[in-house]
file my_file.csv (CSV, C-alpha atoms)
chain,number,residue,atom,x,y,z
A,1090,MET,CA,29.4,64.0,144.8
A,1091,THR,CA,26.5,61.7,145.6
A,1092,SER,CA,24.1,61.1,142.7
A,1093,LEU,CA,20.5,62.2,143.2
A,1094,VAL,CA,19.3,59.5,140.9
A,1095,HIS,CA,20.1,55.8,141.1
A,1096,GLY,CA,19.7,53.0,138.6
A,1097,SER,CA,19.4,49.2,139.0
A,1098,LEU,CA,18.7,46.3,136.5
A,1099,ALA,CA,17.0,43.0,137.2
A,1100,LYS,CA,15.2,40.6,135.0
A,1101,GLY,CA,15.0,43.0,132.1
A,1102,VAL,CA,13.6,45.9,134.2
A,1103,ALA,CA,15.8,49.0,134.8
A,1104,THR,CA,14.6,50.9,137.8
A,1105,VAL,CA,15.5,54.6,137.8
A,1106,THR,CA,15.0,56.2,141.2
A,1107,LEU,CA,14.9,59.9,142.2
A,1108,ASP,CA,16.7,60.1,145.5
A,1109,SER,CA,16.5,63.7,146.9
A,1110,PRO,CA,13.9,63.4,149.7
A,1111,PRO,CA,15.2,66.5,151.7
A,1112,ASN,CA,13.7,68.8,149.0
A,1113,ARG,CA,10.9,66.3,148.0
A,1114,ASN,CA,12.7,65.2,144.8
A,1115,ALA,CA,12.5,68.7,143.3
A,1116,LEU,CA,13.7,69.2,139.8
A,1117,SER,CA,17.1,70.8,140.5
A,1118,THR,CA,19.8,71.2,138.0
A,1119,ARG,CA,21.8,68.4,139.6
A,1120,LEU,CA,18.8,66.0,139.8
A,1121,LEU,CA,17.9,66.6,136.2
A,1122,ALA,CA,21.5,66.0,135.1
A,1123,ASP,CA,21.6,62.8,137.1
A,1124,LEU,CA,18.2,61.7,135.7
A,1125,LYS,CA,19.3,62.3,132.1
A,1126,GLU,CA,22.4,60.2,132.8
A,1127,ARG,CA,20.5,57.3,134.3
A,1128,LEU,CA,17.8,57.3,131.7
A,1129,THR,CA,20.4,57.3,128.9
A,1130,TRP,CA,22.1,54.4,130.6
A,1131,ALA,CA,18.8,52.4,130.9
A,1132,LEU,CA,17.8,53.0,127.2
A,1133,ALA,CA,21.3,52.0,126.0
A,1134,GLU,CA,21.5,48.9,128.2
A,1135,PRO,CA,20.9,45.8,126.0
A,1136,GLU,CA,19.5,43.7,128.8
A,1137,CYS,CA,16.9,46.4,129.7
A,1138,ARG,CA,13.5,45.7,128.2
A,1139,VAL,CA,11.4,48.0,130.4
A,1140,VAL,CA,12.1,51.1,132.5
A,1141,VAL,CA,10.5,51.9,135.8
A,1142,LEU,CA,10.7,55.5,137.1
A,1143,THR,CA,10.2,56.0,140.8
A,1144,ALA,CA,11.5,57.9,143.8
A,1145,THR,CA,12.4,57.6,147.5
A,1146,GLY,CA,10.6,59.3,150.4
A,1147,THR,CA,6.9,60.2,150.5
A,1148,VAL,CA,6.8,62.6,147.5
A,1149,PHE,CA,7.4,61.5,144.0
A,1150,CYS,CA,8.4,65.0,142.7
A,1151,SER,CA,7.4,68.4,144.0
A,1152,GLY,CA,8.2,70.2,140.7
A,1153,ALA,CA,10.8,72.8,140.0
A,1154,ASP,CA,13.4,73.6,142.7
A,1155,LEU,CA,12.1,77.0,143.7
A,1156,LYS,CA,15.2,77.9,145.7
A,1157,GLU,CA,17.2,77.5,142.6
A,1158,GLN,CA,14.7,79.3,140.4
A,1159,ARG,CA,14.7,82.3,142.8
A,1160,ALA,CA,18.5,82.4,142.9
A,1161,ALA,CA,18.4,82.8,139.1
A,1162,GLU,CA,16.5,86.1,139.3
A,1163,GLY,CA,17.7,88.6,136.8
A,1164,LYS,CA,19.6,86.0,134.7
A,1165,PRO,CA,18.6,84.8,131.3
A,1166,GLY,CA,16.6,81.6,131.1
A,1167,ALA,CA,15.7,79.5,134.1
A,1168,PRO,CA,17.5,76.5,135.6
A,1169,VAL,CA,14.6,74.0,135.2
A,1170,THR,CA,14.3,74.8,131.4
A,1171,ALA,CA,17.9,73.8,130.7
A,1172,SER,CA,17.4,70.0,130.5
A,1173,LEU,CA,13.8,69.2,131.4
A,1174,PRO,CA,12.7,69.2,127.7
A,1175,GLU,CA,15.4,66.5,127.1
A,1176,ILE,CA,14.1,64.4,130.0
A,1177,PHE,CA,10.5,64.6,128.7
A,1178,THR,CA,11.8,63.6,125.2
A,1179,LEU,CA,13.8,60.7,126.5
A,1180,LEU,CA,10.8,59.3,128.3
A,1181,TRP,CA,8.3,60.0,125.6
A,1182,GLU,CA,10.4,58.8,122.7
A,1183,SER,CA,11.9,55.8,124.5
A,1184,PRO,CA,11.7,52.7,122.4
A,1185,LYS,CA,11.4,50.8,125.6
A,1186,PRO,CA,8.1,51.1,127.6
A,1187,VAL,CA,8.4,53.3,130.7
A,1188,VAL,CA,6.3,52.7,133.8
A,1189,CYS,CA,6.1,55.5,136.4
A,1190,ARG,CA,5.8,54.1,139.9
A,1191,LEU,CA,4.6,57.0,142.0
A,1192,ASN,CA,5.7,56.5,145.6
A,1193,GLY,CA,3.6,59.5,146.6
A,1194,THR,CA,2.4,63.0,145.8
A,1195,ALA,CA,3.4,64.9,142.6
A,1196,ARG,CA,3.2,68.5,141.7
A,1197,ALA,CA,3.7,70.8,138.7
A,1198,GLY,CA,6.8,69.7,136.8
A,1199,GLY,CA,6.7,66.3,138.5
A,1200,LEU,CA,3.4,65.7,136.6
A,1201,GLY,CA,5.3,66.3,133.4
A,1202,LEU,CA,7.4,63.3,134.2
A,1203,VAL,CA,4.3,61.2,135.0
A,1204,ALA,CA,2.6,62.2,131.7
A,1205,SER,CA,5.7,61.4,129.7
A,1206,CYS,CA,5.7,57.8,130.8
A,1207,ASP,CA,3.7,55.1,129.0
A,1208,PHE,CA,2.1,53.9,132.2
A,1209,ALA,CA,1.7,55.4,135.6
A,1210,VAL,CA,0.6,53.7,138.8
A,1211,ALA,CA,-0.1,55.8,142.0
A,1212,PRO,CA,-1.1,54.9,145.5
A,1213,LEU,CA,-4.6,56.1,146.5
A,1214,THR,CA,-3.0,58.3,149.2
A,1215,ALA,CA,-1.1,60.4,146.6
A,1216,SER,CA,-2.4,63.9,145.6
A,1217,PHE,CA,-1.7,66.0,142.6
A,1218,ALA,CA,-1.8,69.6,141.6
A,1219,PHE,CA,-0.7,71.9,138.8
A,1220,THR,CA,0.3,74.8,141.1
A,1221,GLU,CA,2.0,77.0,138.6
A,1222,VAL,CA,-0.6,79.7,138.2
A,1223,ARG,CA,-0.6,80.3,142.0
A,1224,LEU,CA,3.0,81.2,141.7
A,1225,GLY,CA,2.5,83.5,138.8
A,1226,VAL,CA,4.1,81.1,136.3
A,1227,VAL,CA,2.5,78.7,133.8
A,1228,PRO,CA,2.5,74.9,133.2
A,1229,ALA,CA,4.3,75.6,129.9
A,1230,MET,CA,6.8,72.8,129.3
A,1231,ILE,CA,4.7,70.1,131.1
A,1232,SER,CA,1.7,71.0,129.0
A,1233,VAL,CA,3.3,69.2,126.0
A,1234,PRO,CA,3.1,65.7,127.5
A,1235,VAL,CA,0.2,66.4,129.9
A,1236,LEU,CA,-2.2,67.7,127.3
A,1237,ARG,CA,-1.7,64.5,125.4
A,1238,ARG,CA,-3.1,62.6,128.4
A,1239,LEU,CA,-5.8,64.7,129.9
A,1240,ASP,CA,-9.2,65.6,128.4
A,1241,SER,CA,-9.6,69.3,127.7
A,1242,ARG,CA,-12.1,70.0,130.4
A,1243,ALA,CA,-10.0,68.4,133.1
A,1244,ALA,CA,-6.9,70.2,131.8
A,1245,ALA,CA,-8.7,73.6,132.0
A,1246,GLU,CA,-10.1,72.8,135.5
A,1247,TYR,CA,-6.8,71.9,137.1
A,1248,PHE,CA,-4.4,74.0,135.1
A,1249,LEU,CA,-6.4,77.2,135.8
A,1250,THR,CA,-7.4,76.6,139.4
A,1251,GLY,CA,-4.3,74.9,140.8
A,1252,GLU,CA,-6.7,72.7,142.9
A,1253,VAL,CA,-5.4,69.6,144.6
A,1254,PHE,CA,-7.0,66.3,143.4
A,1255,ASP,CA,-6.6,62.7,144.5
A,1256,ALA,CA,-5.2,59.6,142.8
A,1257,ALA,CA,-8.7,58.3,141.9
A,1258,ARG,CA,-9.5,61.5,140.1
A,1259,ALA,CA,-6.0,61.4,138.4
A,1260,ALA,CA,-6.9,57.9,137.0
A,1261,GLU,CA,-10.4,59.1,135.9
A,1262,ILE,CA,-9.0,62.0,133.8
A,1263,GLY,CA,-6.1,59.9,132.3
A,1264,LEU,CA,-3.2,61.4,134.2
A,1265,VAL,CA,-2.3,58.0,135.7
A,1266,SER,CA,-3.2,54.4,134.5
A,1267,ARG,CA,-4.2,53.0,137.9
A,1268,ALA,CA,-4.7,54.2,141.4
A,1269,VAL,CA,-4.3,51.4,144.0
A,1270,PRO,CA,-4.1,50.9,147.7
A,1271,GLU,CA,-0.5,51.6,148.8
A,1272,GLU,CA,0.1,48.0,149.7
A,1273,GLU,CA,-0.8,46.9,146.2
A,1274,LEU,CA,1.5,49.4,144.4
A,1275,ASP,CA,4.4,47.1,143.7
A,1276,ALA,CA,2.1,44.3,142.5
A,1277,ALA,CA,0.4,46.8,140.1
A,1278,VAL,CA,3.7,47.9,138.7
A,1279,ALA,CA,4.8,44.3,138.3
A,1280,HIS,CA,1.6,43.5,136.5
A,1281,TYR,CA,2.8,45.9,133.7
A,1282,THR,CA,6.4,45.0,133.7
A,1283,ASP,CA,5.8,41.2,133.7
A,1284,LEU,CA,3.5,41.7,130.6
A,1285,LEU,CA,5.8,44.1,128.8
A,1286,VAL,CA,9.0,41.9,128.9
A,1287,LYS,CA,7.0,39.3,127.0
A,1288,GLY,CA,6.6,41.6,123.9
A,1289,GLY,CA,9.1,41.7,121.1
A,1290,PRO,CA,11.5,44.7,121.6
A,1291,GLU,CA,11.0,46.0,118.0
A,1292,ALA,CA,7.2,45.4,118.2
A,1293,LEU,CA,6.9,47.3,121.4
A,1294,ALA,CA,8.9,50.3,120.1
A,1295,ILE,CA,6.7,50.5,116.9
A,1296,THR,CA,3.5,50.0,118.8
A,1297,LYS,CA,4.4,52.9,121.1
A,1298,ARG,CA,4.5,55.1,118.0
A,1299,LEU,CA,1.2,53.7,116.6
A,1300,VAL,CA,-0.7,54.7,119.8
A,1301,ARG,CA,0.4,58.3,119.2
A,1302,GLU,CA,0.5,58.7,115.5
A,1303,VAL,CA,-2.3,56.6,114.0
A,1304,PRO,CA,-5.3,58.7,115.4
A,1305,ALA,CA,-4.0,61.8,113.6
A,1306,LEU,CA,-3.8,60.0,110.2
A,1307,PRO,CA,-6.6,60.4,107.6
A,1308,PHE,CA,-8.6,57.1,107.6
A,1309,GLU,CA,-7.6,55.8,104.2
A,1310,GLU,CA,-4.0,56.8,104.6
A,1311,GLY,CA,-3.9,55.2,107.9
A,1312,LEU,CA,-5.2,51.9,106.5
A,1313,ARG,CA,-2.7,52.0,103.6
A,1314,ARG,CA,0.3,52.7,105.9
A,1315,MET,CA,-0.8,50.2,108.5
A,1316,THR,CA,-1.3,47.5,105.9
A,1317,GLU,CA,2.2,48.0,104.7
A,1318,LEU,CA,3.5,47.9,108.3
A,1319,SER,CA,1.6,44.8,109.1
A,1320,ALA,CA,3.0,42.9,106.2
A,1321,GLU,CA,6.5,44.1,107.0
A,1322,ARG,CA,6.2,42.9,110.6
A,1323,PHE,CA,4.8,39.5,109.8
A,1324,THR,CA,7.8,38.9,107.5
A,1325,SER,CA,10.4,40.4,109.9
A,1326,GLU,CA,12.9,38.3,111.7
A,1327,GLU,CA,11.2,39.2,115.1
A,1328,GLY,CA,7.8,38.4,113.7
A,1329,GLN,CA,8.8,35.1,112.3
A,1330,GLU,CA,10.5,34.1,115.5
A,1331,GLY,CA,7.3,35.0,117.5
A,1332,ILE,CA,5.1,32.9,115.2
A,1333,ALA,CA,7.6,30.0,115.3
A,1334,ALA,CA,7.7,30.1,119.1
A,1335,PHE,CA,3.9,30.1,119.2
A,1336,TRP,CA,3.6,27.0,117.1
A,1337,GLU,CA,6.4,25.3,118.8
A,1338,LYS,CA,4.9,26.1,122.3
A,1339,ARG,CA,8.1,27.7,123.6
A,1340,PRO,CA,9.1,31.2,124.7
A,1341,PRO,CA,10.4,33.4,121.9
A,1342,LYS,CA,14.2,34.1,121.9
A,1343,TRP,CA,13.8,37.6,123.3
A,1344,ILE,CA,12.4,36.0,126.5
A,1345,SER,CA,14.5,32.8,126.8
A,1346,GLY,CA,17.6,34.6,125.6
call {"tool": "encode", "arguments": {"input": "my_file.csv", "output": "structure tokens"}}
result
Amino acid sequence: MTSLVHGSLAKGVATVTLDSPPNRNALSTRLLADLKERLTWALAEPECRVVVLTATGTVFCSGADLKEQRAAEGKPGAPVTASLPEIFTLLWESPKPVVCRLNGTARAGGLGLVASCDFAVAPLTASFAFTEVRLGVVPAMISVPVLRRLDSRAAAEYFLTGEVFDAARAAEIGLVSRAVPEEELDAAVAHYTDLLVKGGPEALAITKRLVREVPALPFEEGLRRMTELSAERFTSEEGQEGIAAFWEKRPPKWISG
């Protein structure tokens, strides 16, 4: 059976590509299983430093596979709930930075994928919408990563109305990092990946956690814990290698190696 998600690795960047354009890369059981497999591969691959999540066709992801959801009527649970939480967790907790390269429009569950990535770059031609309420369902699972990105007013506006908004607005409210002309999409993604592969692998993984966890710490506790962490990292093998490389005017081993 042909996989609905493909993976490739070049120069430290693993590209994971949704490839089910006939149904607009909908989150079917098969696609989610293949996506989990490819993400697991990328995160375990020693040569992979950064992950890029993208798709084929003109739509990044249309959300849940509604044909599959309808076929499950009367059965316990719902197909999309089976493995989507695992996918969000793999992306969110990944020690390797993840860049979402939106090739086009995203809807509903697809926006959960976008929000779970560390960076997201979209073409200005893309559009977005949280369409769940118009189907009588709710943006439940995706709210976990999405509400960590959007400001509360924007979340209320688009979750409750289901209104379509453009890529420029998506960047304004924090759903994506950048919205660029379509011809500049790959250059904008490369801007991030080229910078990210220069960072120490351990330092990147720890810094990802800092961005999320430090704001929630009480001020004095935050300073105490971060002072300890700073000392730990300066004396770590990776930290010492980075400092030595700086003084010796050479690339650190994680780049040259």
call {"tool": "atom_distance", "arguments": {"input": "my_file.csv", "atom1": "CA of Asp1207 (chain A)", "atom2": "CA of Thr1143 (chain A)"}}
result
13.5 Å
call {"tool": "closest_residue", "arguments": {"input": "my_file.csv", "among": "A:Gly1328, A:Gly1101, A:Pro1307, A:Gly1263", "to": "Val1203 (chain A)", "atoms": "all atoms listed in the file"}}
result
A:Gly1263
call {"tool": "residues_around", "arguments": {"input": "my_file.csv", "residues": "region 1320-1323 of chain A", "least_positions_apart": "4", "cutoff": "10 Å", "atoms": "all atoms listed in the file", "output": "count of residues only"}}
result
11
call {"tool": "closest_residue", "arguments": {"input": "my_file.csv", "among": "A:Gly1225, A:Pro1234, A:Pro1270, A:Gly1251", "to": "Ile1176 (chain A)", "atoms": "all atoms listed in the file"}}
result
A:Pro1234
call {"tool": "residues_around", "arguments": {"input": "my_file.csv", "residues": "region 1297-1305 of chain A", "least_positions_apart": "2", "cutoff": "10 Å", "atoms": "only C-alpha atoms", "output": "ChimeraX atom specification"}}
result
/A:1181-1186,1207,1237,1292-1295,1307-1308,1310-1312,1314-1315
call {"tool": "atom_distance", "arguments": {"input": "my_file.csv", "atom1": "CA of Arg1138 (chain A)", "atom2": "CA of Val1286 (chain A)"}}
result
5.9 Å
call {"tool": "decode", "arguments": {"input": "my_file.csv", "residues": "region 1236-1273 of chain A", "atoms": "N, CA, C and O atoms", "output": "PDB file, in the first residue's frame"}}
result
ATOM      1  N   LEU A1236      -4.370  27.333  21.206  1.00  0.00           N
ATOM      2  CA  LEU A1236      -4.568  28.378  22.211  1.00  0.00           C
ATOM      3  C   LEU A1236      -3.268  28.797  22.890  1.00  0.00           C
ATOM      4  O   LEU A1236      -3.246  29.800  23.609  1.00  0.00           O
ATOM      5  N   ARG A1237      -2.205  28.053  22.644  1.00  0.00           N
ATOM      6  CA  ARG A1237      -0.887  28.458  23.126  1.00  0.00           C
ATOM      7  C   ARG A1237      -0.201  29.396  22.129  1.00  0.00           C
ATOM      8  O   ARG A1237       0.875  29.912  22.412  1.00  0.00           O
ATOM      9  N   ARG A1238      -0.818  29.595  20.968  1.00  0.00           N
ATOM     10  CA  ARG A1238      -0.261  30.472  19.940  1.00  0.00           C
ATOM     11  C   ARG A1238      -1.075  31.761  19.786  1.00  0.00           C
ATOM     12  O   ARG A1238      -0.534  32.847  19.685  1.00  0.00           O
ATOM     13  N   LEU A1239      -2.399  31.638  19.762  1.00  0.00           N
ATOM     14  CA  LEU A1239      -3.271  32.775  19.472  1.00  0.00           C
ATOM     15  C   LEU A1239      -3.552  33.605  20.721  1.00  0.00           C
ATOM     16  O   LEU A1239      -3.630  33.064  21.829  1.00  0.00           O
ATOM     17  N   ASP A1240      -3.740  34.901  20.526  1.00  0.00           N
ATOM     18  CA  ASP A1240      -4.242  35.713  21.636  1.00  0.00           C
ATOM     19  C   ASP A1240      -5.722  35.385  21.825  1.00  0.00           C
ATOM     20  O   ASP A1240      -6.390  34.890  20.930  1.00  0.00           O
ATOM     21  N   SER A1241      -6.238  35.631  23.015  1.00  0.00           N
ATOM     22  CA  SER A1241      -7.575  35.152  23.371  1.00  0.00           C
ATOM     23  C   SER A1241      -8.683  35.783  22.533  1.00  0.00           C
ATOM     24  O   SER A1241      -9.673  35.133  22.209  1.00  0.00           O
ATOM     25  N   ARG A1242      -8.552  37.057  22.179  1.00  0.00           N
ATOM     26  CA  ARG A1242      -9.571  37.703  21.362  1.00  0.00           C
ATOM     27  C   ARG A1242      -9.652  37.059  19.978  1.00  0.00           C
ATOM     28  O   ARG A1242     -10.728  36.794  19.455  1.00  0.00           O
ATOM     29  N   ALA A1243      -8.483  36.817  19.389  1.00  0.00           N
ATOM     30  CA  ALA A1243      -8.462  36.194  18.059  1.00  0.00           C
ATOM     31  C   ALA A1243      -9.010  34.773  18.131  1.00  0.00           C
ATOM     32  O   ALA A1243      -9.746  34.339  17.236  1.00  0.00           O
ATOM     33  N   ALA A1244      -8.669  34.048  19.179  1.00  0.00           N
ATOM     34  CA  ALA A1244      -9.163  32.685  19.331  1.00  0.00           C
ATOM     35  C   ALA A1244     -10.691  32.675  19.406  1.00  0.00           C
ATOM     36  O   ALA A1244     -11.356  31.874  18.734  1.00  0.00           O
ATOM     37  N   ALA A1245     -11.257  33.564  20.211  1.00  0.00           N
ATOM     38  CA  ALA A1245     -12.716  33.636  20.325  1.00  0.00           C
ATOM     39  C   ALA A1245     -13.341  33.992  18.981  1.00  0.00           C
ATOM     40  O   ALA A1245     -14.351  33.396  18.559  1.00  0.00           O
ATOM     41  N   GLU A1246     -12.747  34.978  18.297  1.00  0.00           N
ATOM     42  CA  GLU A1246     -13.295  35.426  17.017  1.00  0.00           C
ATOM     43  C   GLU A1246     -13.378  34.295  15.998  1.00  0.00           C
ATOM     44  O   GLU A1246     -14.428  34.065  15.381  1.00  0.00           O
ATOM     45  N   TYR A1247     -12.289  33.574  15.838  1.00  0.00           N
ATOM     46  CA  TYR A1247     -12.249  32.591  14.751  1.00  0.00           C
ATOM     47  C   TYR A1247     -12.761  31.214  15.155  1.00  0.00           C
ATOM     48  O   TYR A1247     -13.315  30.495  14.321  1.00  0.00           O
ATOM     49  N   PHE A1248     -12.617  30.843  16.420  1.00  0.00           N
ATOM     50  CA  PHE A1248     -13.200  29.580  16.875  1.00  0.00           C
ATOM     51  C   PHE A1248     -14.724  29.638  16.821  1.00  0.00           C
ATOM     52  O   PHE A1248     -15.375  28.665  16.443  1.00  0.00           O
ATOM     53  N   LEU A1249     -15.290  30.772  17.232  1.00  0.00           N
ATOM     54  CA  LEU A1249     -16.743  30.870  17.348  1.00  0.00           C
ATOM     55  C   LEU A1249     -17.440  31.173  16.027  1.00  0.00           C
ATOM     56  O   LEU A1249     -18.577  30.742  15.815  1.00  0.00           O
ATOM     57  N   THR A1250     -16.788  31.905  15.144  1.00  0.00           N
ATOM     58  CA  THR A1250     -17.453  32.287  13.889  1.00  0.00           C
ATOM     59  C   THR A1250     -17.171  31.343  12.733  1.00  0.00           C
ATOM     60  O   THR A1250     -17.972  31.236  11.805  1.00  0.00           O
ATOM     61  N   GLY A1251     -16.036  30.650  12.756  1.00  0.00           N
ATOM     62  CA  GLY A1251     -15.664  29.818  11.625  1.00  0.00           C
ATOM     63  C   GLY A1251     -15.268  30.626  10.408  1.00  0.00           C
ATOM     64  O   GLY A1251     -15.128  30.092   9.305  1.00  0.00           O
ATOM     65  N   GLU A1252     -15.058  31.926  10.589  1.00  0.00           N
ATOM     66  CA  GLU A1252     -14.746  32.818   9.467  1.00  0.00           C
ATOM     67  C   GLU A1252     -13.395  32.478   8.844  1.00  0.00           C
ATOM     68  O   GLU A1252     -12.432  32.147   9.538  1.00  0.00           O
ATOM     69  N   VAL A1253     -13.324  32.595   7.521  1.00  0.00           N
ATOM     70  CA  VAL A1253     -12.070  32.393   6.802  1.00  0.00           C
ATOM     71  C   VAL A1253     -11.213  33.655   6.932  1.00  0.00           C
ATOM     72  O   VAL A1253     -11.718  34.771   6.816  1.00  0.00           O
ATOM     73  N   PHE A1254      -9.915  33.458   7.184  1.00  0.00           N
ATOM     74  CA  PHE A1254      -9.002  34.596   7.252  1.00  0.00           C
ATOM     75  C   PHE A1254      -7.750  34.279   6.445  1.00  0.00           C
ATOM     76  O   PHE A1254      -7.441  33.118   6.170  1.00  0.00           O
ATOM     77  N   ASP A1255      -7.034  35.330   6.064  1.00  0.00           N
ATOM     78  CA  ASP A1255      -5.898  35.132   5.164  1.00  0.00           C
ATOM     79  C   ASP A1255      -4.583  34.943   5.924  1.00  0.00           C
ATOM     80  O   ASP A1255      -4.535  35.026   7.156  1.00  0.00           O
ATOM     81  N   ALA A1256      -3.511  34.699   5.168  1.00  0.00           N
ATOM     82  CA  ALA A1256      -2.218  34.406   5.770  1.00  0.00           C
ATOM     83  C   ALA A1256      -1.642  35.604   6.512  1.00  0.00           C
ATOM     84  O   ALA A1256      -0.984  35.441   7.544  1.00  0.00           O
ATOM     85  N   ALA A1257      -1.881  36.808   5.999  1.00  0.00           N
ATOM     86  CA  ALA A1257      -1.378  37.995   6.683  1.00  0.00           C
ATOM     87  C   ALA A1257      -2.006  38.110   8.077  1.00  0.00           C
ATOM     88  O   ALA A1257      -1.325  38.437   9.060  1.00  0.00           O
ATOM     89  N   ARG A1258      -3.297  37.843   8.164  1.00  0.00           N
ATOM     90  CA  ARG A1258      -3.974  37.872   9.450  1.00  0.00           C
ATOM     91  C   ARG A1258      -3.475  36.731  10.342  1.00  0.00           C
ATOM     92  O   ARG A1258      -3.304  36.915  11.557  1.00  0.00           O
ATOM     93  N   ALA A1259      -3.204  35.574   9.765  1.00  0.00           N
ATOM     94  CA  ALA A1259      -2.683  34.443  10.538  1.00  0.00           C
ATOM     95  C   ALA A1259      -1.355  34.800  11.192  1.00  0.00           C
ATOM     96  O   ALA A1259      -1.089  34.426  12.335  1.00  0.00           O
ATOM     97  N   ALA A1260      -0.519  35.541  10.475  1.00  0.00           N
ATOM     98  CA  ALA A1260       0.756  35.983  11.042  1.00  0.00           C
ATOM     99  C   ALA A1260       0.524  37.030  12.129  1.00  0.00           C
ATOM    100  O   ALA A1260       1.205  37.033  13.166  1.00  0.00           O
ATOM    101  N   GLU A1261      -0.450  37.887  11.920  1.00  0.00           N
ATOM    102  CA  GLU A1261      -0.743  38.959  12.878  1.00  0.00           C
ATOM    103  C   GLU A1261      -1.191  38.404  14.221  1.00  0.00           C
ATOM    104  O   GLU A1261      -0.845  38.948  15.280  1.00  0.00           O
ATOM    105  N   ILE A1262      -1.953  37.305  14.215  1.00  0.00           N
ATOM    106  CA  ILE A1262      -2.488  36.753  15.465  1.00  0.00           C
ATOM    107  C   ILE A1262      -1.617  35.642  16.050  1.00  0.00           C
ATOM    108  O   ILE A1262      -1.953  35.063  17.080  1.00  0.00           O
ATOM    109  N   GLY A1263      -0.501  35.340  15.393  1.00  0.00           N
ATOM    110  CA  GLY A1263       0.438  34.379  15.948  1.00  0.00           C
ATOM    111  C   GLY A1263       0.257  32.944  15.510  1.00  0.00           C
ATOM    112  O   GLY A1263       0.962  32.058  15.996  1.00  0.00           O
ATOM    113  N   LEU A1264      -0.655  32.687  14.578  1.00  0.00           N
ATOM    114  CA  LEU A1264      -0.854  31.311  14.115  1.00  0.00           C
ATOM    115  C   LEU A1264       0.312  30.848  13.246  1.00  0.00           C
ATOM    116  O   LEU A1264       0.714  29.682  13.288  1.00  0.00           O
ATOM    117  N   VAL A1265       0.862  31.749  12.433  1.00  0.00           N
ATOM    118  CA  VAL A1265       2.048  31.437  11.644  1.00  0.00           C
ATOM    119  C   VAL A1265       3.141  32.452  11.948  1.00  0.00           C
ATOM    120  O   VAL A1265       2.865  33.556  12.442  1.00  0.00           O
ATOM    121  N   SER A1266       4.382  32.067  11.666  1.00  0.00           N
ATOM    122  CA  SER A1266       5.516  32.951  11.935  1.00  0.00           C
ATOM    123  C   SER A1266       5.660  34.016  10.868  1.00  0.00           C
ATOM    124  O   SER A1266       5.938  35.181  11.170  1.00  0.00           O
ATOM    125  N   ARG A1267       5.485  33.600   9.609  1.00  0.00           N
ATOM    126  CA  ARG A1267       5.638  34.518   8.488  1.00  0.00           C
ATOM    127  C   ARG A1267       4.641  34.182   7.388  1.00  0.00           C
ATOM    128  O   ARG A1267       4.317  33.014   7.154  1.00  0.00           O
ATOM    129  N   ALA A1268       4.179  35.218   6.711  1.00  0.00           N
ATOM    130  CA  ALA A1268       3.361  35.053   5.507  1.00  0.00           C
ATOM    131  C   ALA A1268       4.113  35.759   4.388  1.00  0.00           C
ATOM    132  O   ALA A1268       4.413  36.952   4.493  1.00  0.00           O
ATOM    133  N   VAL A1269       4.439  35.027   3.336  1.00  0.00           N
ATOM    134  CA  VAL A1269       5.300  35.564   2.276  1.00  0.00           C
ATOM    135  C   VAL A1269       4.698  35.290   0.904  1.00  0.00           C
ATOM    136  O   VAL A1269       3.852  34.401   0.757  1.00  0.00           O
ATOM    137  N   PRO A1270       5.124  36.038  -0.114  1.00  0.00           N
ATOM    138  CA  PRO A1270       4.689  35.706  -1.473  1.00  0.00           C
ATOM    139  C   PRO A1270       5.061  34.259  -1.796  1.00  0.00           C
ATOM    140  O   PRO A1270       6.092  33.751  -1.328  1.00  0.00           O
ATOM    141  N   GLU A1271       4.239  33.612  -2.589  1.00  0.00           N
ATOM    142  CA  GLU A1271       4.430  32.186  -2.869  1.00  0.00           C
ATOM    143  C   GLU A1271       5.830  31.875  -3.395  1.00  0.00           C
ATOM    144  O   GLU A1271       6.425  30.864  -3.030  1.00  0.00           O
ATOM    145  N   GLU A1272       6.365  32.761  -4.234  1.00  0.00           N
ATOM    146  CA  GLU A1272       7.678  32.511  -4.813  1.00  0.00           C
ATOM    147  C   GLU A1272       8.808  32.643  -3.783  1.00  0.00           C
ATOM    148  O   GLU A1272       9.951  32.251  -4.043  1.00  0.00           O
ATOM    149  N   GLU A1273       8.504  33.173  -2.614  1.00  0.00           N
ATOM    150  CA  GLU A1273       9.515  33.333  -1.571  1.00  0.00           C
ATOM    151  C   GLU A1273       9.380  32.286  -0.459  1.00  0.00           C
ATOM    152  O   GLU A1273      10.128  32.309   0.529  1.00  0.00           O
TER     153      GLU A1273
END
